[in-house]
$ cat input-v5.csv   # CSV, C-alpha atoms and all ligand atoms
chain,number,residue,atom,x,y,z
A,1,MET,CA,0.0,0.0,0.0
A,2,ALA,CA,1.5,3.4,-0.9
A,3,THR,CA,2.5,5.4,2.1
A,4,LEU,CA,-0.5,7.6,2.8
A,5,PHE,CA,1.3,10.7,3.9
A,6,ASN,CA,5.1,11.0,4.1
A,7,PHE,CA,7.8,13.6,3.6
A,8,GLU,CA,10.8,12.5,1.6
A,9,MET,CA,13.8,14.8,1.9
A,10,LYS,CA,15.8,14.9,-1.4
A,11,ALA,CA,18.6,17.3,-0.6
A,12,THR,CA,19.8,20.0,1.7
A,13,ASP,CA,22.0,23.0,1.2
A,14,GLY,CA,22.9,24.8,4.4
A,15,LYS,CA,19.6,24.9,6.4
A,16,ALA,CA,17.6,24.8,3.2
A,17,ARG,CA,15.9,21.5,2.2
A,18,THR,CA,14.1,20.3,-0.8
A,19,GLY,CA,11.9,17.2,-1.0
A,20,VAL,CA,8.4,15.8,-1.8
A,21,ILE,CA,5.4,15.3,0.5
A,22,GLN,CA,3.5,12.3,-0.8
A,23,THR,CA,-0.3,12.5,-0.2
A,24,PRO,CA,-3.2,10.3,-1.6
A,25,ARG,CA,-4.2,13.3,-3.8
A,26,GLY,CA,-0.8,13.8,-5.3
A,27,GLU,CA,2.7,15.0,-4.4
A,28,ILE,CA,3.8,18.4,-3.0
A,29,ARG,CA,7.3,19.5,-4.1
A,30,THR,CA,9.0,21.5,-1.4
A,31,PRO,CA,9.9,24.2,-0.8
A,32,ALA,CA,6.2,24.8,-1.8
A,33,PHE,CA,4.1,28.0,-2.1
A,34,MET,CA,0.4,27.6,-1.5
A,35,PRO,CA,-1.9,30.0,-3.3
A,36,VAL,CA,-4.8,31.0,-1.0
A,37,GLY,CA,-8.3,29.9,-2.0
A,38,THR,CA,-10.1,31.4,0.9
A,39,ALA,CA,-13.8,31.0,-0.2
A,40,ALA,CA,-13.3,27.9,-2.3
A,41,THR,CA,-11.6,29.8,-5.1
A,42,VAL,CA,-8.3,31.4,-5.8
A,43,LYS,CA,-9.8,34.7,-6.7
A,44,ALA,CA,-9.8,35.6,-10.4
A,45,MET,CA,-8.3,32.2,-11.3
A,46,MET,CA,-9.8,28.9,-12.7
A,47,PRO,CA,-8.4,25.9,-10.9
A,48,GLU,CA,-6.7,24.6,-14.0
A,49,SER,CA,-5.0,28.0,-14.4
A,50,VAL,CA,-3.7,27.7,-10.8
A,51,ARG,CA,-2.3,24.3,-11.6
A,52,ALA,CA,-0.7,25.7,-14.8
A,53,THR,CA,1.2,28.2,-12.6
A,54,GLY,CA,2.9,25.2,-11.0
A,55,ALA,CA,0.9,25.0,-7.7
A,56,ASP,CA,0.7,21.5,-6.1
A,57,ILE,CA,-1.5,22.5,-3.2
A,58,LEU,CA,-4.0,25.2,-2.2
A,59,LEU,CA,-5.0,26.7,1.1
A,60,GLY,CA,-8.7,26.9,2.2
A,61,ASN,CA,-10.2,28.6,5.2
A,62,THR,CA,-12.3,27.1,7.9
A,63,TYR,CA,-13.5,30.5,9.0
A,64,HIS,CA,-14.9,31.7,5.7
A,65,LEU,CA,-16.4,28.3,4.6
A,66,MET,CA,-18.1,27.6,7.9
A,67,LEU,CA,-19.9,30.9,7.5
A,68,ARG,CA,-20.7,30.5,3.8
A,69,PRO,CA,-21.7,28.1,2.4
A,70,THR,CA,-21.1,26.1,5.6
A,71,ALA,CA,-19.0,22.9,6.0
A,72,GLU,CA,-22.1,20.8,6.2
A,73,ARG,CA,-23.4,21.9,2.8
A,74,ILE,CA,-19.9,21.4,1.2
A,75,ASP,CA,-19.9,17.9,2.7
A,76,ARG,CA,-23.3,17.1,1.3
A,77,LEU,CA,-22.1,18.2,-2.1
A,78,GLY,CA,-19.1,15.9,-2.0
A,79,GLY,CA,-16.4,17.8,-0.2
A,80,LEU,CA,-14.2,20.9,-1.0
A,81,HIS,CA,-12.1,19.2,-3.7
A,82,LYS,CA,-15.2,18.3,-5.8
A,83,PHE,CA,-17.0,21.6,-4.9
A,84,MET,CA,-14.1,23.8,-6.2
A,85,ASN,CA,-12.9,21.4,-8.9
A,86,TRP,CA,-9.4,21.0,-7.4
A,87,GLU,CA,-8.5,17.4,-7.0
A,88,ARG,CA,-5.0,17.9,-5.7
A,89,PRO,CA,-4.0,18.5,-2.0
A,90,ILE,CA,-5.7,21.2,0.0
A,91,LEU,CA,-4.5,22.5,3.4
A,92,THR,CA,-7.1,24.3,5.5
A,93,ASP,CA,-6.3,26.8,8.2
A,94,SER,CA,-8.2,26.2,11.4
A,95,GLY,CA,-10.1,29.5,11.8
A,96,GLY,CA,-8.6,31.1,14.9
A,97,PHE,CA,-6.4,33.6,13.1
A,98,GLN,CA,-9.2,34.7,10.7
A,99,VAL,CA,-11.7,35.1,13.7
A,100,MET,CA,-9.2,37.5,15.3
A,101,SER,CA,-8.6,39.4,12.1
A,102,LEU,CA,-12.1,39.5,10.6
A,103,ALA,CA,-14.9,38.7,13.0
A,104,GLY,CA,-16.7,41.0,15.3
A,105,LEU,CA,-17.7,40.8,19.0
A,106,ARG,CA,-15.2,38.0,19.8
A,107,LYS,CA,-15.2,36.3,23.2
A,108,LEU,CA,-12.2,34.1,23.9
A,109,THR,CA,-12.3,31.5,26.7
A,110,GLU,CA,-10.5,28.2,27.5
A,111,LYS,CA,-13.2,26.4,25.5
A,112,GLY,CA,-12.7,28.3,22.3
A,113,VAL,CA,-13.9,31.6,20.7
A,114,THR,CA,-17.4,32.9,20.0
A,115,PHE,CA,-17.8,35.6,17.4
A,116,LYS,CA,-20.2,37.5,15.1
A,117,SER,CA,-19.9,36.7,11.4
A,118,HIS,CA,-18.4,39.6,9.3
A,119,ILE,CA,-20.9,38.6,6.6
A,120,ASP,CA,-24.3,38.7,8.4
A,121,GLY,CA,-23.7,39.2,12.0
A,122,SER,CA,-24.8,35.7,13.1
A,123,ARG,CA,-23.1,34.3,16.1
A,124,HIS,CA,-20.8,31.3,15.9
A,125,GLU,CA,-18.4,29.3,18.0
A,126,LEU,CA,-15.1,27.8,17.1
A,127,THR,CA,-13.3,25.3,19.4
A,128,PRO,CA,-10.6,22.8,18.7
A,129,GLU,CA,-13.2,20.1,18.4
A,130,ARG,CA,-15.5,22.1,16.1
A,131,SER,CA,-12.5,23.2,13.9
A,132,MET,CA,-11.5,19.6,13.5
A,133,GLU,CA,-15.0,18.6,12.5
A,134,ILE,CA,-15.3,21.4,10.0
A,135,GLN,CA,-12.0,20.5,8.4
A,136,ARG,CA,-13.1,16.9,8.3
A,137,LEU,CA,-16.4,17.8,6.6
A,138,LEU,CA,-14.4,19.9,4.0
A,139,GLY,CA,-12.2,16.9,3.4
A,140,SER,CA,-9.0,18.8,3.5
A,141,ASP,CA,-5.8,16.7,3.3
A,142,ILE,CA,-3.7,18.8,5.7
A,143,VAL,CA,-5.6,20.0,8.8
A,144,MET,CA,-4.3,22.8,11.1
A,145,CYS,CA,-4.6,22.7,14.8
A,146,PHE,CA,-6.9,25.3,16.3
A,147,ASP,CA,-4.7,28.0,17.8
A,148,GLU,CA,-4.6,31.6,18.9
A,149,CYS,CA,-2.2,33.9,17.2
A,150,PRO,CA,-1.4,37.0,19.3
A,151,ALA,CA,-1.0,40.3,17.6
A,152,LEU,CA,2.5,41.7,18.0
A,153,PRO,CA,3.9,43.7,19.7
A,154,ALA,CA,2.7,42.0,22.9
A,155,ASP,CA,4.4,41.7,26.3
A,156,ARG,CA,6.0,38.4,27.4
A,157,ASP,CA,3.2,37.5,29.8
A,158,ARG,CA,0.6,37.8,27.1
A,159,ILE,CA,2.7,35.8,24.6
A,160,ALA,CA,3.3,33.0,27.2
A,161,GLU,CA,-0.4,32.9,28.2
A,162,SER,CA,-1.5,32.8,24.6
A,163,MET,CA,1.1,30.1,23.6
A,164,ARG,CA,0.1,27.9,26.5
A,165,LEU,CA,-3.6,28.2,25.6
A,166,SER,CA,-2.7,27.2,22.0
A,167,MET,CA,-0.7,24.2,23.3
A,168,ARG,CA,-3.7,23.0,25.3
A,169,TRP,CA,-5.8,23.5,22.2
A,170,ALA,CA,-3.2,21.5,20.2
A,171,GLU,CA,-3.8,18.6,22.6
A,172,ARG,CA,-7.5,18.8,22.1
A,173,SER,CA,-7.1,19.2,18.3
A,174,ARG,CA,-5.0,16.0,18.2
A,175,GLU,CA,-7.6,14.2,20.4
A,176,ALA,CA,-10.5,15.3,18.2
A,177,PHE,CA,-8.7,14.7,14.9
A,178,GLY,CA,-8.5,11.0,15.7
A,179,ASP,CA,-6.9,8.4,13.4
A,180,ARG,CA,-7.4,9.4,9.8
A,181,PRO,CA,-5.0,7.6,7.4
A,182,GLY,CA,-4.1,9.7,4.4
A,183,HIS,CA,-5.0,12.9,6.3
A,184,ALA,CA,-2.4,14.9,8.1
A,185,LEU,CA,-2.6,17.1,11.2
A,186,PHE,CA,-0.1,19.9,11.6
A,187,GLY,CA,0.8,21.5,15.0
A,188,ILE,CA,1.4,25.2,15.1
A,189,GLN,CA,4.4,26.6,17.1
A,190,GLN,CA,3.6,29.9,18.9
A,191,GLY,CA,5.7,32.0,21.3
A,192,GLY,CA,6.1,35.4,19.6
A,193,LEU,CA,9.7,36.3,19.1
A,194,GLU,CA,10.8,34.8,22.4
A,195,ARG,CA,13.3,32.0,22.1
A,196,ASP,CA,12.3,30.3,25.4
A,197,PHE,CA,8.6,30.4,24.6
A,198,ARG,CA,9.3,29.0,21.1
A,199,GLU,CA,11.3,26.2,22.7
A,200,GLU,CA,8.5,25.5,25.2
A,201,SER,CA,5.9,25.4,22.4
A,202,ALA,CA,8.1,23.1,20.2
A,203,GLU,CA,8.6,20.7,23.1
A,204,ALA,CA,4.8,20.6,23.8
A,205,LEU,CA,4.0,19.9,20.1
A,206,LYS,CA,6.7,17.2,19.8
A,207,ALA,CA,5.3,15.5,22.9
A,208,ILE,CA,1.9,15.4,21.3
A,209,GLY,CA,3.3,14.3,17.9
A,210,PHE,CA,2.1,15.7,14.5
A,211,ASP,CA,2.6,15.0,10.8
A,212,GLY,CA,4.0,18.4,10.2
A,213,TYR,CA,4.8,21.5,12.2
A,214,ALA,CA,3.9,25.2,11.4
A,215,VAL,CA,5.7,28.3,12.6
A,216,GLY,CA,2.8,30.5,13.6
A,217,GLY,CA,2.6,33.8,15.2
A,218,LEU,CA,4.7,35.6,12.6
A,219,ALA,CA,4.0,38.0,9.7
A,220,VAL,CA,1.8,39.9,12.1
A,221,GLY,CA,3.5,43.3,11.8
A,222,GLU,CA,6.9,42.5,13.3
A,223,GLY,CA,8.7,43.3,10.1
A,224,GLN,CA,11.2,41.2,8.1
A,225,GLU,CA,14.2,41.7,10.3
A,226,ALA,CA,12.4,40.5,13.5
A,227,MET,CA,10.8,37.7,11.6
A,228,PHE,CA,14.1,36.5,10.2
A,229,GLY,CA,15.6,36.9,13.7
A,230,CYS,CA,13.0,34.5,15.0
A,231,LEU,CA,13.4,32.1,12.0
A,232,ASP,CA,17.1,31.9,12.8
A,233,PHE,CA,16.2,29.6,15.7
A,234,ALA,CA,12.5,28.7,15.7
A,235,PRO,CA,12.4,26.1,12.8
A,236,ASP,CA,15.4,24.3,14.2
A,237,MET,CA,13.4,23.4,17.3
A,238,LEU,CA,10.9,21.4,15.1
A,239,PRO,CA,11.5,17.8,14.0
A,240,GLU,CA,13.8,17.9,11.0
A,241,ASP,CA,12.1,14.9,9.3
A,242,LYS,CA,8.7,16.6,9.1
A,243,PRO,CA,7.5,19.5,6.9
A,244,ARG,CA,7.9,22.9,8.4
A,245,TYR,CA,5.2,25.4,7.3
A,246,LEU,CA,5.6,29.2,7.8
A,247,MET,CA,2.1,30.7,7.9
A,248,GLY,CA,1.2,33.8,6.0
A,249,VAL,CA,4.5,34.5,4.3
A,250,GLY,CA,5.2,36.5,2.1
A,251,LYS,CA,6.9,38.9,-0.3
A,252,PRO,CA,9.4,37.2,-2.6
A,253,ASP,CA,12.4,38.1,-0.5
A,254,ASP,CA,10.6,36.9,2.7
A,255,ILE,CA,10.0,33.6,1.0
A,256,VAL,CA,13.7,33.2,0.0
A,257,GLY,CA,14.9,34.1,3.4
A,258,ALA,CA,12.5,31.7,5.1
A,259,VAL,CA,13.6,28.8,2.9
A,260,ALA,CA,17.2,29.6,3.6
A,261,ARG,CA,16.3,29.2,7.3
A,262,GLY,CA,14.8,25.7,6.9
A,263,ILE,CA,11.1,26.4,5.9
A,264,ASP,CA,9.4,23.9,3.5
A,265,MET,CA,5.9,25.4,2.9
A,266,MET,CA,4.4,28.9,2.9
A,267,ASP,CA,1.1,30.6,2.0
A,268,CYS,CA,0.3,34.2,1.3
A,269,VAL,CA,-2.5,36.2,-0.2
A,270,LEU,CA,0.0,38.8,-1.5
A,271,PRO,CA,0.4,37.5,-5.1
A,272,SER,CA,-3.3,37.2,-5.7
A,273,ARG,CA,-4.5,40.2,-3.7
A,274,SER,CA,-1.9,42.5,-5.1
A,275,GLY,CA,-2.5,41.1,-8.6
A,276,ARG,CA,-6.1,42.4,-8.4
A,277,THR,CA,-4.8,45.9,-7.4
A,278,GLY,CA,-2.4,46.1,-10.3
A,279,GLN,CA,0.8,45.3,-8.4
A,280,ALA,CA,3.0,42.9,-10.3
A,281,PHE,CA,6.0,41.1,-8.8
A,282,THR,CA,8.9,40.6,-11.2
A,283,ARG,CA,12.5,39.5,-11.1
A,284,TYR,CA,13.5,43.2,-11.2
A,285,GLY,CA,11.1,44.3,-8.5
A,286,VAL,CA,7.5,45.5,-8.2
A,287,VAL,CA,5.7,47.1,-11.2
A,288,ASN,CA,2.5,49.2,-10.4
A,289,ILE,CA,0.9,48.8,-13.8
A,290,LYS,CA,-1.7,51.5,-13.2
A,291,ASN,CA,1.2,54.1,-13.2
A,292,ALA,CA,0.8,56.4,-16.3
A,293,ARG,CA,4.3,55.7,-17.4
A,294,HIS,CA,3.1,52.3,-18.7
A,295,GLN,CA,0.3,53.6,-21.0
A,296,ASP,CA,2.4,53.6,-24.2
A,297,ASP,CA,4.8,50.8,-23.3
A,298,PRO,CA,4.7,48.0,-25.9
A,299,ARG,CA,7.0,45.7,-23.8
A,300,PRO,CA,5.6,42.8,-21.7
A,301,LEU,CA,5.6,43.1,-18.0
A,302,ASP,CA,8.7,40.8,-17.8
A,303,GLU,CA,10.5,39.8,-21.0
A,304,GLN,CA,11.7,36.6,-19.4
A,305,CYS,CA,8.3,35.4,-18.1
A,306,SER,CA,6.4,32.7,-20.0
A,307,CYS,CA,3.0,33.4,-18.3
A,308,PRO,CA,0.0,34.3,-20.5
A,309,ALA,CA,0.1,38.0,-19.4
A,310,CYS,CA,3.8,38.4,-20.4
A,311,SER,CA,3.5,36.2,-23.5
A,312,ASN,CA,0.5,37.9,-25.1
A,313,TYR,CA,0.0,41.4,-23.7
A,314,SER,CA,1.9,44.7,-23.5
A,315,ARG,CA,2.3,46.8,-20.4
A,316,ALA,CA,0.1,49.4,-22.3
A,317,TYR,CA,-2.7,46.8,-22.5
A,318,LEU,CA,-2.4,45.8,-18.9
A,319,HIS,CA,-2.4,49.5,-17.9
A,320,HIS,CA,-5.5,50.0,-20.0
A,321,VAL,CA,-7.6,47.2,-18.6
A,322,PHE,CA,-6.7,48.1,-15.1
A,323,ARG,CA,-7.6,51.8,-15.7
A,324,SER,CA,-10.9,50.6,-17.3
A,325,ASN,CA,-11.5,48.2,-14.4
A,326,GLU,CA,-11.9,45.3,-16.8
A,327,MET,CA,-12.2,41.8,-15.2
A,328,ILE,CA,-9.3,40.5,-17.3
A,329,SER,CA,-7.0,42.9,-15.5
A,330,GLY,CA,-7.1,41.0,-12.2
A,331,MET,CA,-7.1,37.6,-14.0
A,332,LEU,CA,-3.9,38.4,-16.0
A,333,LEU,CA,-1.9,40.0,-13.1
A,334,THR,CA,-2.9,37.3,-10.6
A,335,TRP,CA,-1.8,34.6,-13.1
A,336,HIS,CA,1.5,36.4,-13.6
A,337,ASN,CA,2.2,36.8,-9.9
A,338,LEU,CA,1.3,33.2,-9.0
A,339,HIS,CA,3.4,32.1,-12.0
A,340,TYR,CA,6.3,34.2,-10.7
A,341,PHE,CA,6.0,32.9,-7.2
A,342,GLN,CA,6.1,29.3,-8.4
A,343,GLU,CA,9.1,30.1,-10.6
A,344,ILE,CA,10.9,31.3,-7.5
A,345,MET,CA,10.0,28.0,-5.7
A,346,GLY,CA,11.1,25.9,-8.7
A,347,GLY,CA,14.4,27.8,-8.9
A,348,MET,CA,15.0,27.3,-5.2
A,349,ARG,CA,14.2,23.5,-5.4
A,350,GLU,CA,16.6,23.1,-8.3
A,351,ALA,CA,19.4,25.2,-6.6
A,352,ILE,CA,19.1,23.3,-3.3
A,353,ALA,CA,19.2,20.0,-5.1
A,354,ALA,CA,22.3,21.2,-7.0
A,355,GLY,CA,24.0,22.6,-3.9
A,356,THR,CA,24.0,26.1,-5.5
A,357,PHE,CA,21.5,27.8,-3.3
A,358,GLU,CA,24.0,30.5,-2.1
A,359,ALA,CA,24.7,31.6,-5.7
A,360,TRP,CA,21.0,31.4,-6.6
A,361,GLN,CA,20.2,33.8,-3.7
A,362,LYS,CA,22.9,36.2,-4.8
A,363,ASP,CA,21.5,36.2,-8.3
A,364,PHE,CA,18.0,36.7,-7.0
A,365,HIS,CA,18.9,39.7,-4.9
A,366,ASP,CA,21.3,41.2,-7.5
A,367,THR,CA,18.7,41.0,-10.3
A,368,ARG,CA,16.1,42.7,-8.1
A,369,ALA,CA,18.5,45.6,-7.4
A,370,GLN,CA,19.0,46.4,-11.1
A,371,GLY,CA,16.8,46.7,-14.1
A,372,ASP,CA,14.2,49.2,-15.3
A,373,ILE,CA,10.9,48.1,-13.9
B,401,LIG,C1,-0.3,37.1,6.9
B,401,LIG,N1,0.3,36.7,8.1
B,401,LIG,C2,-0.1,35.6,8.8
B,401,LIG,N2,0.4,35.2,10.0
B,401,LIG,C3,-0.2,34.1,10.4
B,401,LIG,C4,-0.1,33.4,11.5
B,401,LIG,C5,-1.0,32.3,11.7
B,401,LIG,C6,-1.0,31.5,12.9
B,401,LIG,O1,-0.3,31.7,13.9
B,401,LIG,N3,-2.0,30.5,13.1
B,401,LIG,C7,-2.9,30.3,12.1
B,401,LIG,N4,-3.7,29.3,12.3
B,401,LIG,N5,-2.9,30.9,10.9
B,401,LIG,C8,-2.0,32.0,10.7
B,401,LIG,C9,-2.1,32.8,9.5
B,401,LIG,C10,-3.1,32.5,8.4
B,401,LIG,C11,-2.4,31.6,7.4
B,401,LIG,O2,-2.7,31.9,6.1
B,401,LIG,C12,-1.2,33.8,9.4
B,401,LIG,N6,-1.1,34.8,8.4
B,402,ZN,ZN,4.4,36.9,-16.5
$ encode --input "input-v5.csv" --output "structure tokens" --more "lines below"
Ligand SMILES: CNc1nc2cc3c(=O)[nH]c(N)nc3c(CCO)c2[nH]1
Ligand SMILES: [Zn+2]
Amino acid sequence: MATLFNFEMKATDGKARTGVIQTPRGEIRTPAFMPVGTAATVKAMMPESVRATGADILLGNTYHLMLRPTAERIDRLGGLHKFMNWERPILTDSGGFQVMSLAGLRKLTEKGVTFKSHIDGSRHELTPERSMEIQRLLGSDIVMCFDECPALPADRDRIAESMRLSMRWAERSREAFGDRPGHALFGIQQGGLERDFREESAEALKAIGFDGYAVGGLAVGEGQEAMFGCLDFAPDMLPEDKPRYLMGVGKPDDIVGAVARGIDMMDCVLPSRSGRTGQAFTRYGVVNIKNARHQDDPRPLDEQCSCPACSNYSRAYLHHVFRSNEMISGMLLTWHNLHYFQEIMGGMREAIAAGTFEAWQKDFHDTRAQGDI
């Protein structure tokens, strides 16, 4: 019987690793970037287009889907993969982070969190047990523990108290998840930027035992320097033979820096969200296509990019459709950004496998510094 869920390390280069996570719905090449499909869609993209950019796995959200159309309805309709026509792996976040960032009238207790829907004001409750049930109903392949992610900056007492609550919730999540071959449960390390709390959290998670381990509690306003400072020690505390997932990251240089510090998986709304606002990420830096200087420019966004936007359209055209608020504008730029993010991931996988990751990083940063964008 094929192994139902396992992480096969192929090569390392310094702290960076490259490998493959085998799942019943297909393999995930690491380091991996997960496009965010919050409400059962990667906004402005057909699923086959998302696949064409090179994505092996998508992220879905417990919070959004429990409110609309509800997990029970998706279950009755055959589960999230069928519902959104994406048959490859899906990782779902557990809802706590989105409650704190989106919902109203929240009440946090040891049991869980109650809140008012940002959609219609109805009241809801999320607990570790309910989050596990929702993610089971959705049919996601990688389930995240229900946790609490404190906003930074926060004092040490607050961070310790929040981390310890999350570790008790991790225990309850593991208990409620049960034994589900072919489905993985990932624990989430908390502890802010504090080395001792990160250590305590890692020890607690390892004692429970998970199929993968996320570094949570970052990309919440601490800035890249502080985040990298934490990533200089936090991932090393997690089991080296399991996938390490940095939640919510990030800009291209955040992603490269995280992989260099031992991270295997990441997710971020940036490429899709900024694609819809006209912000394009290229190897030379960021291009704001709505800027008037592009209105007569016949060149593609990025001469070296093979995506549909760069292969078939000029900057002048992209500028026009954004200025006219045409639907194709967000489609083309989202496709380009996701394609570019996957190109970065593919480049890193190859470089790590070849032992040339240092040189690859130098080229990545040097190219970004030059060039007329
Ligand atoms: C954009 N920054 C960010 N930091 C995060 C931190 C966390 C976290 O600590 N826990 C959970 N469950 N999710 C998180 C998420 C949502 C991931 O898309 C985060 N997203
Ligand atoms: Zn492109």
$ atom_distance --input "input-v5.csv" --atom1 "atom CA of His336 of chain A" --atom2 "atom CA of Arg299 of chain A"
14.9 Å
$ residues_near_ligand --input "input-v5.csv" --ligand "ligand ZN 402 (chain B)" --cutoff "6 Å" --atoms "only C-alpha atoms and all ligand atoms" --output "list of chain:residue names"
A:Asp302, A:Cys305, A:Ser306, A:Cys307, A:Ala309, A:Cys310, A:His336
$ closest_residue --input "input-v5.csv" --among "A:Arg368, A:His64, A:Arg261, A:His339" --to "Ser117 of chain A" --atoms "only C-alpha atoms"
A:His64
$ residues_near_ligand --input "input-v5.csv" --ligand "ligand LIG 401 (chain B)" --cutoff "6 Å" --atoms "only C-alpha atoms and all ligand atoms" --output "PDB file with C-alpha atoms, in the frame of the given file"
ATOM      1  CA  ASP A  93      -6.300  26.800   8.200  1.00  0.00           C
ATOM      2  CA  SER A  94      -8.200  26.200  11.400  1.00  0.00           C
ATOM      3  CA  GLY A  96      -8.600  31.100  14.900  1.00  0.00           C
ATOM      4  CA  PHE A  97      -6.400  33.600  13.100  1.00  0.00           C
ATOM      5  CA  ASP A 147      -4.700  28.000  17.800  1.00  0.00           C
ATOM      6  CA  CYS A 149      -2.200  33.900  17.200  1.00  0.00           C
ATOM      7  CA  GLY A 216       2.800  30.500  13.600  1.00  0.00           C
ATOM      8  CA  GLY A 217       2.600  33.800  15.200  1.00  0.00           C
ATOM      9  CA  LEU A 218       4.700  35.600  12.600  1.00  0.00           C
ATOM     10  CA  ALA A 219       4.000  38.000   9.700  1.00  0.00           C
ATOM     11  CA  VAL A 220       1.800  39.900  12.100  1.00  0.00           C
ATOM     12  CA  MET A 247       2.100  30.700   7.900  1.00  0.00           C
ATOM     13  CA  GLY A 248       1.200  33.800   6.000  1.00  0.00           C
ATOM     14  CA  ASP A 267       1.100  30.600   2.000  1.00  0.00           C
TER      15      ASP A 267
END
$ atom_distance --input "input-v5.csv" --atom1 "atom CA of Gln342 of chain A" --atom2 "atom CA of Val269 of chain A"
13.7 Å
$ atom_distance --input "input-v5.csv" --atom1 "atom CA of Pro308 of chain A" --atom2 "atom CA of Phe33 of chain A"
19.9 Å
$ residues_around --input "input-v5.csv" --residues "Met167 of chain A" --least-positions-apart "5" --cutoff "12 Å" --atoms "all atoms listed in the file" --output "JSON, numbers by chain"
{"A": [110, 128, 145, 146, 147, 148, 149, 160, 161, 162, 172, 173, 174, 187, 188, 189, 190, 191, 197, 198, 200, 201, 202, 203, 204, 205, 206, 207, 208, 209]}
$ write_last_selection --input "input-v5.csv" --atoms "C-alpha atoms" --output "compact mmCIF listing (two decimals), in the frame of the given file"
# COMPACT_ATOMS: atom_id res chain seq x y z
CA GLU A 110 -10.50 28.20 27.50
CA PRO A 128 -10.60 22.80 18.70
CA CYS A 145 -4.60 22.70 14.80
CA PHE A 146 -6.90 25.30 16.30
CA ASP A 147 -4.70 28.00 17.80
CA GLU A 148 -4.60 31.60 18.90
CA CYS A 149 -2.20 33.90 17.20
CA ALA A 160 3.30 33.00 27.20
CA GLU A 161 -0.40 32.90 28.20
CA SER A 162 -1.50 32.80 24.60
CA ARG A 172 -7.50 18.80 22.10
CA SER A 173 -7.10 19.20 18.30
CA ARG A 174 -5.00 16.00 18.20
CA GLY A 187 0.80 21.50 15.00
CA ILE A 188 1.40 25.20 15.10
CA GLN A 189 4.40 26.60 17.10
CA GLN A 190 3.60 29.90 18.90
CA GLY A 191 5.70 32.00 21.30
CA PHE A 197 8.60 30.40 24.60
CA ARG A 198 9.30 29.00 21.10
CA GLU A 200 8.50 25.50 25.20
CA SER A 201 5.90 25.40 22.40
CA ALA A 202 8.10 23.10 20.20
CA GLU A 203 8.60 20.70 23.10
CA ALA A 204 4.80 20.60 23.80
CA LEU A 205 4.00 19.90 20.10
CA LYS A 206 6.70 17.20 19.80
CA ALA A 207 5.30 15.50 22.90
CA ILE A 208 1.90 15.40 21.30
CA GLY A 209 3.30 14.30 17.90
$ build_atoms --input "input-v5.csv" --residues "segment 75-84 of chain A" --atoms "N, CA, C and O atoms" --output "mmCIF file, keeping the file's coordinate frame"
data_model
loop_
_atom_site.group_PDB
_atom_site.id
_atom_site.type_symbol
_atom_site.label_atom_id
_atom_site.label_comp_id
_atom_site.auth_asym_id
_atom_site.auth_seq_id
_atom_site.Cartn_x
_atom_site.Cartn_y
_atom_site.Cartn_z
ATOM 1 N N ASP A 75 -19.936 19.354 2.524
ATOM 2 C CA ASP A 75 -19.900 17.900 2.700
ATOM 3 C C ASP A 75 -20.959 17.181 1.964
ATOM 4 O O ASP A 75 -20.715 16.209 1.257
ATOM 5 N N ARG A 76 -22.176 17.725 2.047
ATOM 6 C CA ARG A 76 -23.300 17.100 1.300
ATOM 7 C C ARG A 76 -23.099 17.088 -0.164
ATOM 8 O O ARG A 76 -23.545 16.215 -0.882
ATOM 9 N N LEU A 77 -22.315 18.086 -0.642
ATOM 10 C CA LEU A 77 -22.100 18.200 -2.100
ATOM 11 C C LEU A 77 -20.804 17.482 -2.523
ATOM 12 O O LEU A 77 -20.364 17.632 -3.662
ATOM 13 N N GLY A 78 -20.217 16.694 -1.596
ATOM 14 C CA GLY A 78 -19.100 15.900 -2.000
ATOM 15 C C GLY A 78 -17.732 16.327 -1.536
ATOM 16 O O GLY A 78 -16.705 15.767 -1.922
ATOM 17 N N GLY A 79 -17.704 17.375 -0.728
ATOM 18 C CA GLY A 79 -16.400 17.800 -0.200
ATOM 19 C C GLY A 79 -15.807 18.972 -0.989
ATOM 20 O O GLY A 79 -16.205 19.226 -2.137
ATOM 21 N N LEU A 80 -14.806 19.616 -0.395
ATOM 22 C CA LEU A 80 -14.200 20.900 -1.000
ATOM 23 C C LEU A 80 -13.535 20.619 -2.303
ATOM 24 O O LEU A 80 -13.642 21.418 -3.226
ATOM 25 N N HIS A 81 -12.852 19.482 -2.448
ATOM 26 C CA HIS A 81 -12.100 19.200 -3.700
ATOM 27 C C HIS A 81 -13.095 19.204 -4.886
ATOM 28 O O HIS A 81 -12.893 19.869 -5.893
ATOM 29 N N LYS A 82 -14.178 18.466 -4.706
ATOM 30 C CA LYS A 82 -15.200 18.300 -5.800
ATOM 31 C C LYS A 82 -15.880 19.681 -5.991
ATOM 32 O O LYS A 82 -16.044 20.156 -7.109
ATOM 33 N N PHE A 83 -16.218 20.308 -4.852
ATOM 34 C CA PHE A 83 -17.000 21.600 -4.900
ATOM 35 C C PHE A 83 -16.213 22.623 -5.707
ATOM 36 O O PHE A 83 -16.800 23.306 -6.541
ATOM 37 N N MET A 84 -14.894 22.712 -5.492
ATOM 38 C CA MET A 84 -14.100 23.800 -6.200
ATOM 39 C C MET A 84 -13.334 23.258 -7.378
ATOM 40 O O MET A 84 -12.540 23.985 -7.962
#
